[in-house]
file input_4.pdb (PDB, C-alpha atoms)
ATOM      1  CA  MET A1435     -10.656  12.493 -15.738
ATOM      2  CA  ASN A1436     -14.330  11.927 -14.951
ATOM      3  CA  ALA A1437     -15.972  14.929 -13.244
ATOM      4  CA  THR A1438     -17.185  12.848 -10.281
ATOM      5  CA  LEU A1439     -13.756  11.462  -9.363
ATOM      6  CA  PRO A1440     -12.295  14.715  -7.954
ATOM      7  CA  LYS A1441     -15.257  14.924  -5.511
ATOM      8  CA  LEU A1442     -14.441  11.553  -3.987
ATOM      9  CA  LEU A1443     -12.534  11.349  -0.739
ATOM     10  CA  VAL A1444      -9.799   8.828  -0.036
ATOM     11  CA  GLN A1445     -12.050   7.221   2.610
ATOM     12  CA  ASP A1446     -14.623   6.528  -0.142
ATOM     13  CA  VAL A1447     -12.210   4.447  -2.218
ATOM     14  CA  MET A1448      -9.580   3.055   0.154
ATOM     15  CA  VAL A1449      -9.371  -0.592   1.122
ATOM     16  CA  THR A1450      -9.824  -1.077   4.857
ATOM     17  CA  ARG A1451      -9.055  -4.799   4.924
ATOM     18  CA  VAL A1452      -5.293  -4.451   4.641
ATOM     19  CA  PHE A1453      -2.872  -7.338   4.954
ATOM     20  CA  ARG A1454      -0.169  -6.249   7.356
ATOM     21  CA  ILE A1455       3.499  -7.117   7.685
ATOM     22  CA  THR A1456       4.981  -7.175  11.173
ATOM     23  CA  PRO A1457       8.656  -6.738  12.108
ATOM     24  CA  ASP A1458       8.913 -10.301  13.439
ATOM     25  CA  MET A1459       7.999 -11.840  10.068
ATOM     26  CA  LYS A1460      10.769 -13.417   8.029
ATOM     27  CA  LEU A1461      11.158 -12.390   4.393
ATOM     28  CA  TRP A1462       9.980 -15.812   3.198
ATOM     29  CA  GLU A1463       6.757 -15.241   5.185
ATOM     30  CA  VAL A1464       6.321 -11.857   3.538
ATOM     31  CA  ALA A1465       6.794 -13.437   0.093
ATOM     32  CA  GLU A1466       4.317 -16.170   0.996
ATOM     33  CA  LEU A1467       1.764 -13.517   2.067
ATOM     34  CA  PHE A1468       2.151 -11.703  -1.267
ATOM     35  CA  ILE A1469       1.732 -14.927  -3.246
ATOM     36  CA  LYS A1470      -1.193 -16.358  -1.281
ATOM     37  CA  LYS A1471      -3.151 -13.094  -1.099
ATOM     38  CA  HIS A1472      -2.362 -11.965  -4.668
ATOM     39  CA  ILE A1473      -0.930  -8.645  -3.496
ATOM     40  CA  SER A1474       2.259  -6.864  -4.498
ATOM     41  CA  GLY A1475       3.072  -5.132  -1.227
ATOM     42  CA  SER A1476       1.847  -4.122   2.185
ATOM     43  CA  PRO A1477       2.505  -1.732   5.072
ATOM     44  CA  VAL A1478       4.773  -2.792   7.917
ATOM     45  CA  VAL A1479       3.104  -2.021  11.252
ATOM     46  CA  ASP A1480       4.081  -2.204  14.917
ATOM     47  CA  GLN A1481       2.054  -3.865  17.683
ATOM     48  CA  ASN A1482      -0.204  -0.768  17.898
ATOM     49  CA  ASP A1483      -0.966  -0.793  14.147
ATOM     50  CA  HIS A1484       1.234   2.252  13.503
ATOM     51  CA  VAL A1485       2.916   2.257  10.092
ATOM     52  CA  ILE A1486       6.695   1.990  10.336
ATOM     53  CA  SER A1487       7.491   1.192   6.696
ATOM     54  CA  VAL A1488       6.146  -0.389   3.538
ATOM     55  CA  LEU A1489       7.389  -3.437   1.677
ATOM     56  CA  GLY A1490       6.720  -4.463  -1.919
ATOM     57  CA  GLU A1491       7.717  -7.377  -4.113
ATOM     58  CA  GLY A1492      10.722  -5.541  -5.555
ATOM     59  CA  ASP A1493      11.976  -4.556  -2.109
ATOM     60  CA  THR A1494      11.496  -8.124  -0.894
ATOM     61  CA  LEU A1495      13.512  -9.517  -3.796
ATOM     62  CA  ARG A1496      16.294  -6.992  -3.181
ATOM     63  CA  LEU A1497      16.405  -7.620   0.563
ATOM     64  CA  ALA A1498      16.339 -11.408   0.065
ATOM     65  CA  ALA A1499      19.250 -11.167  -2.380
ATOM     66  CA  GLU A1500      21.244  -9.072   0.104
ATOM     67  CA  HIS A1501      20.299 -10.779   3.377
ATOM     68  CA  GLY A1502      18.560 -14.094   2.597
ATOM     69  CA  LEU A1503      14.975 -15.199   3.110
ATOM     70  CA  ASP A1504      15.374 -16.139   6.788
ATOM     71  CA  VAL A1505      16.107 -12.585   7.956
ATOM     72  CA  THR A1506      13.299 -10.755   9.779
ATOM     73  CA  VAL A1507      11.681  -7.573   8.592
ATOM     74  CA  ALA A1508      12.989  -5.911  11.775
ATOM     75  CA  GLU A1509      16.547  -6.697  10.666
ATOM     76  CA  CYS A1510      15.791  -5.148   7.266
ATOM     77  CA  LEU A1511      14.198  -1.937   8.596
ATOM     78  CA  PRO A1512      17.436   0.087   8.324
ATOM     79  CA  HIS A1513      17.331  -0.636   4.553
ATOM     80  CA  MET A1514      13.645   0.297   4.158
ATOM     81  CA  PRO A1515      11.892   3.691   4.069
ATOM     82  CA  SER A1516      10.812   5.044   7.456
ATOM     83  CA  LEU A1517       7.410   6.675   7.935
ATOM     84  CA  ASP A1518       8.848  10.187   7.595
ATOM     85  CA  LYS A1519      10.209   9.301   4.127
ATOM     86  CA  MET A1520       7.080   7.467   2.917
ATOM     87  CA  VAL A1521       4.213   8.780   0.826
ATOM     88  CA  THR A1522       1.097   8.627   3.005
ATOM     89  CA  ILE A1523      -2.253  10.384   3.043
ATOM     90  CA  LYS A1524      -5.164  10.984   5.411
ATOM     91  CA  LYS A1525      -8.584   9.467   4.723
ATOM     92  CA  GLU A1526     -10.152  12.967   4.606
ATOM     93  CA  ALA A1527      -7.995  13.949   1.616
ATOM     94  CA  THR A1528      -9.509  14.042  -1.848
ATOM     95  CA  PHE A1529      -9.060  11.310  -4.412
ATOM     96  CA  LEU A1530      -7.484  13.932  -6.676
ATOM     97  CA  GLU A1531      -4.802  14.634  -4.040
ATOM     98  CA  ALA A1532      -4.051  10.908  -3.822
ATOM     99  CA  TYR A1533      -3.941  10.601  -7.617
ATOM    100  CA  ARG A1534      -1.425  13.451  -7.802
ATOM    101  CA  LEU A1535       0.752  11.701  -5.196
ATOM    102  CA  PHE A1536       0.786   8.541  -7.340
ATOM    103  CA  LEU A1537       1.889  10.564 -10.367
ATOM    104  CA  LYS A1538       4.490  12.646  -8.525
ATOM    105  CA  HIS A1539       6.139   9.879  -6.500
ATOM    106  CA  ARG A1540       5.554   6.853  -8.769
ATOM    107  CA  VAL A1541       4.578   4.637  -5.835
ATOM    108  CA  HIS A1542       2.551   1.441  -6.057
ATOM    109  CA  ARG A1543       0.526   1.941  -2.891
ATOM    110  CA  ILE A1544      -0.247   4.705  -0.403
ATOM    111  CA  PRO A1545      -0.976   3.858   3.235
ATOM    112  CA  ILE A1546      -3.872   5.816   4.707
ATOM    113  CA  ILE A1547      -2.902   6.969   8.213
ATOM    114  CA  ASP A1548      -4.162   9.296  10.923
ATOM    115  CA  GLY A1549      -2.168  12.045  12.639
ATOM    116  CA  ASN A1550      -0.499   9.468  14.909
ATOM    117  CA  GLY A1551       0.602   7.210  12.067
ATOM    118  CA  LYS A1552      -2.043   4.551  12.726
ATOM    119  CA  LEU A1553      -3.063   2.555   9.644
ATOM    120  CA  HIS A1554      -6.649   3.060   8.454
ATOM    121  CA  GLY A1555      -6.453   1.708   4.935
ATOM    122  CA  LEU A1556      -4.561   1.466   1.679
ATOM    123  CA  LEU A1557      -4.937   2.893  -1.816
ATOM    124  CA  THR A1558      -3.226   1.143  -4.725
ATOM    125  CA  ARG A1559      -2.497   1.999  -8.343
ATOM    126  CA  SER A1560      -4.782  -0.844  -9.342
ATOM    127  CA  GLN A1561      -7.679   0.749  -7.461
ATOM    128  CA  VAL A1562      -7.032   4.091  -9.139
ATOM    129  CA  LEU A1563      -6.978   2.497 -12.576
ATOM    130  CA  THR A1564     -10.173   0.556 -11.812
ATOM    131  CA  LEU A1565     -11.921   3.759 -10.712
ATOM    132  CA  PHE A1566     -10.936   5.526 -13.925
ATOM    133  CA  VAL A1567     -12.262   2.761 -16.150
ATOM    134  CA  GLU A1568     -15.438   2.190 -14.129
ATOM    135  CA  SER A1569     -16.292   5.896 -13.961
ATOM    136  CA  HIS A1570     -15.573   6.432 -17.650
ATOM    137  CA  TYR A1571     -17.510   3.444 -18.964
ATOM    138  CA  GLY A1572     -20.096   3.186 -16.193
ATOM    139  CA  LYS A1573     -19.532  -0.505 -15.601
ATOM    140  CA  LYS A1574     -18.172  -2.505 -12.695
ATOM    141  CA  ILE A1575     -14.999  -4.524 -13.272
ATOM    142  CA  GLN A1576     -14.896  -7.892 -11.547
ATOM    143  CA  ASN A1577     -11.531  -8.434  -9.873
ATOM    144  CA  GLN A1578     -10.429 -12.053 -10.263
ATOM    145  CA  PRO A1579      -6.958 -13.244  -9.275
ATOM    146  CA  ALA A1580      -4.928 -14.820 -12.059
TER     147      ALA A1580
END

call {"tool": "encode", "arguments": {"input": "input_4.pdb", "output": "structure tokens"}}
result
Amino acid sequence: MNATLPKLLVQDVMVTRVFRITPDMKLWEVAELFIKKHISGSPVVDQNDHVISVLGEGDTLRLAAEHGLDVTVAECLPHMPSLDKMVTIKKEATFLEAYRLFLKHRVHRIPIIDGNGKLHGLLTRSQVLTLFVESHYGKKIQNQPA
């Protein structure tokens, strides 16, 4: 690992423009969001922007197979991880702490929240991989959707 990476804080590398899923969305709307925005998952937030769960492509496929595409996220919440069972991190944490969480829990994304559970950003495996390559080779990688 590059020597400069452990000095970074989560707030230095997190994405703050996060696409959000709300409980009133239907699963087909969630799938459409993933496809249109070229993302693989997103936090589920309440009306006050507090994280209540997270939903990825795999979860969406599983829930759609079990309940159909017209069911709302709210109806699926009992089958999704609650905030107390999710991997989250604070923006003041170090990048190294976040990296260790990715390795330990094998998650695809980590919501960045404050002490009240309010969403401040997101850190993804793709961002971590990009940081490794960019810091090692000293060049910026242009992110272009497929």

call {"tool": "resolve_selection", "arguments": {"input": "input_4.pdb", "expression": "the PyMOL selection byres ((chain A and resi 1560) around 12)", "output": "list of chain:residue names"}}
result
A:Val1447, A:Met1448, A:Val1449, A:Ile1473, A:Ser1474, A:Tyr1533, A:Phe1536, A:Val1541, A:His1542, A:Arg1543, A:Ile1544, A:Leu1556, A:Leu1557, A:Thr1558, A:Arg1559, A:Gln1561, A:Val1562, A:Leu1563, A:Thr1564, A:Leu1565, A:Phe1566, A:Val1567, A:Ile1575, A:Asn1577

call {"tool": "closest_residue", "arguments": {"input": "input_4.pdb", "among": "A:Leu1535, A:Leu1497, A:Val1485, A:Val1452", "to": "Glu1509 of chain A", "atoms": "all atoms listed in the file"}}
result
A:Leu1497

call {"tool": "residues_around", "arguments": {"input": "input_4.pdb", "residues": "Lys1552 of chain A", "least_positions_apart": "5", "cutoff": "10 Å", "atoms": "all atoms listed in the file", "output": "PDB file with C-alpha atoms, keeping the file's coordinate frame"}}
result
ATOM      1  CA  VAL A1479       3.104  -2.021  11.252  1.00  0.00           C
ATOM      2  CA  ASP A1480       4.081  -2.204  14.917  1.00  0.00           C
ATOM      3  CA  ASN A1482      -0.204  -0.768  17.898  1.00  0.00           C
ATOM      4  CA  ASP A1483      -0.966  -0.793  14.147  1.00  0.00           C
ATOM      5  CA  HIS A1484       1.234   2.252  13.503  1.00  0.00           C
ATOM      6  CA  VAL A1485       2.916   2.257  10.092  1.00  0.00           C
ATOM      7  CA  ILE A1486       6.695   1.990  10.336  1.00  0.00           C
ATOM      8  CA  PRO A1545      -0.976   3.858   3.235  1.00  0.00           C
ATOM      9  CA  ILE A1546      -3.872   5.816   4.707  1.00  0.00           C
ATOM     10  CA  ILE A1547      -2.902   6.969   8.213  1.00  0.00           C
TER      11      ILE A1547
END

call {"tool": "resolve_selection", "arguments": {"input": "input_4.pdb", "expression": "the PyMOL selection byres ((chain A and resi 1516) around 12)", "output": "PyMOL selection string"}}
result
chain A and resi 1477-1479+1484-1489+1508+1510-1515+1517-1522+1551

call {"tool": "write_last_selection", "arguments": {"input": "input_4.pdb", "atoms": "C-alpha atoms", "output": "mmCIF file, in the frame of the given file"}}
result
data_model
loop_
_atom_site.group_PDB
_atom_site.id
_atom_site.type_symbol
_atom_site.label_atom_id
_atom_site.label_comp_id
_atom_site.auth_asym_id
_atom_site.auth_seq_id
_atom_site.Cartn_x
_atom_site.Cartn_y
_atom_site.Cartn_z
ATOM 1 C CA PRO A 1477 2.505 -1.732 5.072
ATOM 2 C CA VAL A 1478 4.773 -2.792 7.917
ATOM 3 C CA VAL A 1479 3.104 -2.021 11.252
ATOM 4 C CA HIS A 1484 1.234 2.252 13.503
ATOM 5 C CA VAL A 1485 2.916 2.257 10.092
ATOM 6 C CA ILE A 1486 6.695 1.990 10.336
ATOM 7 C CA SER A 1487 7.491 1.192 6.696
ATOM 8 C CA VAL A 1488 6.146 -0.389 3.538
ATOM 9 C CA LEU A 1489 7.389 -3.437 1.677
ATOM 10 C CA ALA A 1508 12.989 -5.911 11.775
ATOM 11 C CA CYS A 1510 15.791 -5.148 7.266
ATOM 12 C CA LEU A 1511 14.198 -1.937 8.596
ATOM 13 C CA PRO A 1512 17.436 0.087 8.324
ATOM 14 C CA HIS A 1513 17.331 -0.636 4.553
ATOM 15 C CA MET A 1514 13.645 0.297 4.158
ATOM 16 C CA PRO A 1515 11.892 3.691 4.069
ATOM 17 C CA LEU A 1517 7.410 6.675 7.935
ATOM 18 C CA ASP A 1518 8.848 10.187 7.595
ATOM 19 C CA LYS A 1519 10.209 9.301 4.127
ATOM 20 C CA MET A 1520 7.080 7.467 2.917
ATOM 21 C CA VAL A 1521 4.213 8.780 0.826
ATOM 22 C CA THR A 1522 1.097 8.627 3.005
ATOM 23 C CA GLY A 1551 0.602 7.210 12.067
#

call {"tool": "atom_distance", "arguments": {"input": "input_4.pdb", "atom1": "atom CA of Tyr1571 of chain A", "atom2": "atom CA of Phe1529 of chain A"}}
result
18.6 Å

call {"tool": "atom_distance", "arguments": {"input": "input_4.pdb", "atom1": "atom CA of Gln1481 of chain A", "atom2": "atom CA of Phe1453 of chain A"}}
result
14.1 Å

call {"tool": "residues_around", "arguments": {"input": "input_4.pdb", "residues": "Val1505 of chain A", "least_positions_apart": "2", "cutoff": "12 Å", "atoms": "all atoms listed in the file", "output": "MDAnalysis selection string"}}
result
chainID A and resid 1457:1464 1494 1497:1503 1507:1511

call {"tool": "closest_residue", "arguments": {"input": "input_4.pdb", "among": "A:Arg1540, A:Lys1471, A:His1570, A:Lys1441", "to": "Arg1454 of chain A", "atoms": "all atoms listed in the file"}}
result
A:Lys1471

call {"tool": "closest_residue", "arguments": {"input": "input_4.pdb", "among": "A:Glu1466, A:Glu1491, A:Glu1568, A:Glu1526", "to": "His1554 of chain A", "atoms": "all atoms listed in the file"}}
result
A:Glu1526

call {"tool": "residues_around", "arguments": {"input": "input_4.pdb", "residues": "Glu1531 of chain A", "least_positions_apart": "3", "cutoff": "10 Å", "atoms": "all atoms listed in the file", "output": "list in words"}}
result
Pro1440, Leu1443, Val1444, Ile1523, Ala1527, Thr1528, Arg1534, Leu1535 and Phe1536 of chain A

call {"tool": "axis_aligned_box", "arguments": {"input": "input_4.pdb", "around": "segment 1559-1569 of chain A", "padding_each_side": "4 Å", "output": "lines of an AutoDock Vina configuration file"}}
result
center_x = -9.4
center_y = 2.5
center_z = -11.8
size_x = 21.8
size_y = 14.7
size_z = 16.7

call {"tool": "atom_distance", "arguments": {"input": "input_4.pdb", "atom1": "atom CA of Gln1576 of chain A", "atom2": "atom CA of Ser1476 of chain A"}}
result
22.0 Å

call {"tool": "closest_residue", "arguments": {"input": "input_4.pdb", "among": "A:Leu1495, A:Thr1506, A:His1472, A:His1539", "to": "Thr1456 of chain A", "atoms": "all atoms listed in the file"}}
result
A:Thr1506

call {"tool": "residues_around", "arguments": {"input": "input_4.pdb", "residues": "Asp1548 of chain A", "least_positions_apart": "5", "cutoff": "8 Å", "atoms": "all atoms listed in the file", "output": "list in words"}}
result
Lys1524, Lys1525, Leu1553 and His1554 of chain A

call {"tool": "write_last_selection", "arguments": {"input": "input_4.pdb", "atoms": "C-alpha atoms", "output": "PDB file, keeping the file's coordinate frame"}}
result
ATOM      1  CA  LYS A1524      -5.164  10.984   5.411  1.00  0.00           C
ATOM      2  CA  LYS A1525      -8.584   9.467   4.723  1.00  0.00           C
ATOM      3  CA  LEU A1553      -3.063   2.555   9.644  1.00  0.00           C
ATOM      4  CA  HIS A1554      -6.649   3.060   8.454  1.00  0.00           C
TER       5      HIS A1554
END

call {"tool": "decode", "arguments": {"input": "input_4.pdb", "residues": "segment 1442-1463 of chain A", "atoms": "N, CA and C atoms", "output": "PDB file, in the first residue's frame"}}
result
ATOM      1  N   LEU A1442      -4.738   9.486   4.526  1.00  0.00           N
ATOM      2  CA  LEU A1442      -5.996  10.051   4.039  1.00  0.00           C
ATOM      3  C   LEU A1442      -7.130   9.755   5.007  1.00  0.00           C
ATOM      4  N   LEU A1443      -8.074  10.681   5.058  1.00  0.00           N
ATOM      5  CA  LEU A1443      -9.292  10.464   5.826  1.00  0.00           C
ATOM      6  C   LEU A1443     -10.413  10.074   4.876  1.00  0.00           C
ATOM      7  N   VAL A1444     -11.421   9.423   5.398  1.00  0.00           N
ATOM      8  CA  VAL A1444     -12.572   9.032   4.591  1.00  0.00           C
ATOM      9  C   VAL A1444     -13.168  10.256   3.899  1.00  0.00           C
ATOM     10  N   GLN A1445     -13.261  11.390   4.606  1.00  0.00           N
ATOM     11  CA  GLN A1445     -13.840  12.598   4.018  1.00  0.00           C
ATOM     12  C   GLN A1445     -13.048  13.106   2.819  1.00  0.00           C
ATOM     13  N   ASP A1446     -11.772  12.716   2.695  1.00  0.00           N
ATOM     14  CA  ASP A1446     -10.944  13.127   1.566  1.00  0.00           C
ATOM     15  C   ASP A1446     -11.239  12.327   0.303  1.00  0.00           C
ATOM     16  N   VAL A1447     -11.824  11.149   0.456  1.00  0.00           N
ATOM     17  CA  VAL A1447     -12.008  10.260  -0.695  1.00  0.00           C
ATOM     18  C   VAL A1447     -13.450   9.859  -0.955  1.00  0.00           C
ATOM     19  N   MET A1448     -14.346  10.161  -0.029  1.00  0.00           N
ATOM     20  CA  MET A1448     -15.744   9.741  -0.188  1.00  0.00           C
ATOM     21  C   MET A1448     -16.442  10.547  -1.283  1.00  0.00           C
ATOM     22  N   VAL A1449     -17.471   9.951  -1.837  1.00  0.00           N
ATOM     23  CA  VAL A1449     -18.340  10.630  -2.787  1.00  0.00           C
ATOM     24  C   VAL A1449     -19.453  11.292  -1.981  1.00  0.00           C
ATOM     25  N   THR A1450     -19.700  12.563  -2.243  1.00  0.00           N
ATOM     26  CA  THR A1450     -20.763  13.251  -1.504  1.00  0.00           C
ATOM     27  C   THR A1450     -22.044  13.363  -2.330  1.00  0.00           C
ATOM     28  N   ARG A1451     -21.935  13.177  -3.616  1.00  0.00           N
ATOM     29  CA  ARG A1451     -23.127  13.174  -4.480  1.00  0.00           C
ATOM     30  C   ARG A1451     -23.603  11.723  -4.578  1.00  0.00           C
ATOM     31  N   VAL A1452     -24.450  11.345  -3.645  1.00  0.00           N
ATOM     32  CA  VAL A1452     -24.890   9.960  -3.527  1.00  0.00           C
ATOM     33  C   VAL A1452     -26.329   9.836  -4.017  1.00  0.00           C
ATOM     34  N   PHE A1453     -26.561   8.892  -4.900  1.00  0.00           N
ATOM     35  CA  PHE A1453     -27.923   8.597  -5.326  1.00  0.00           C
ATOM     36  C   PHE A1453     -28.592   7.823  -4.200  1.00  0.00           C
ATOM     37  N   ARG A1454     -29.772   8.281  -3.821  1.00  0.00           N
ATOM     38  CA  ARG A1454     -30.464   7.706  -2.677  1.00  0.00           C
ATOM     39  C   ARG A1454     -31.682   6.907  -3.107  1.00  0.00           C
ATOM     40  N   ILE A1455     -31.970   5.878  -2.325  1.00  0.00           N
ATOM     41  CA  ILE A1455     -33.188   5.088  -2.487  1.00  0.00           C
ATOM     42  C   ILE A1455     -34.094   5.460  -1.322  1.00  0.00           C
ATOM     43  N   THR A1456     -35.372   5.644  -1.606  1.00  0.00           N
ATOM     44  CA  THR A1456     -36.327   5.962  -0.551  1.00  0.00           C
ATOM     45  C   THR A1456     -37.304   4.795  -0.395  1.00  0.00           C
ATOM     46  N   PRO A1457     -37.894   4.652   0.784  1.00  0.00           N
ATOM     47  CA  PRO A1457     -38.790   3.521   1.044  1.00  0.00           C
ATOM     48  C   PRO A1457     -40.000   3.458   0.115  1.00  0.00           C
ATOM     49  N   ASP A1458     -40.433   4.577  -0.425  1.00  0.00           N
ATOM     50  CA  ASP A1458     -41.607   4.573  -1.299  1.00  0.00           C
ATOM     51  C   ASP A1458     -41.311   4.123  -2.733  1.00  0.00           C
ATOM     52  N   MET A1459     -40.033   3.971  -3.069  1.00  0.00           N
ATOM     53  CA  MET A1459     -39.675   3.528  -4.419  1.00  0.00           C
ATOM     54  C   MET A1459     -40.032   2.061  -4.616  1.00  0.00           C
ATOM     55  N   LYS A1460     -40.460   1.729  -5.808  1.00  0.00           N
ATOM     56  CA  LYS A1460     -40.709   0.330  -6.157  1.00  0.00           C
ATOM     57  C   LYS A1460     -39.382  -0.287  -6.634  1.00  0.00           C
ATOM     58  N   LEU A1461     -39.290  -1.597  -6.561  1.00  0.00           N
ATOM     59  CA  LEU A1461     -38.039  -2.253  -6.945  1.00  0.00           C
ATOM     60  C   LEU A1461     -37.670  -1.976  -8.396  1.00  0.00           C
ATOM     61  N   TRP A1462     -38.665  -1.863  -9.290  1.00  0.00           N
ATOM     62  CA  TRP A1462     -38.328  -1.558 -10.681  1.00  0.00           C
ATOM     63  C   TRP A1462     -37.712  -0.161 -10.788  1.00  0.00           C
ATOM     64  N   GLU A1463     -38.109   0.761  -9.918  1.00  0.00           N
ATOM     65  CA  GLU A1463     -37.514   2.104  -9.920  1.00  0.00           C
ATOM     66  C   GLU A1463     -36.078   2.069  -9.406  1.00  0.00           C
TER      67      GLU A1463
END
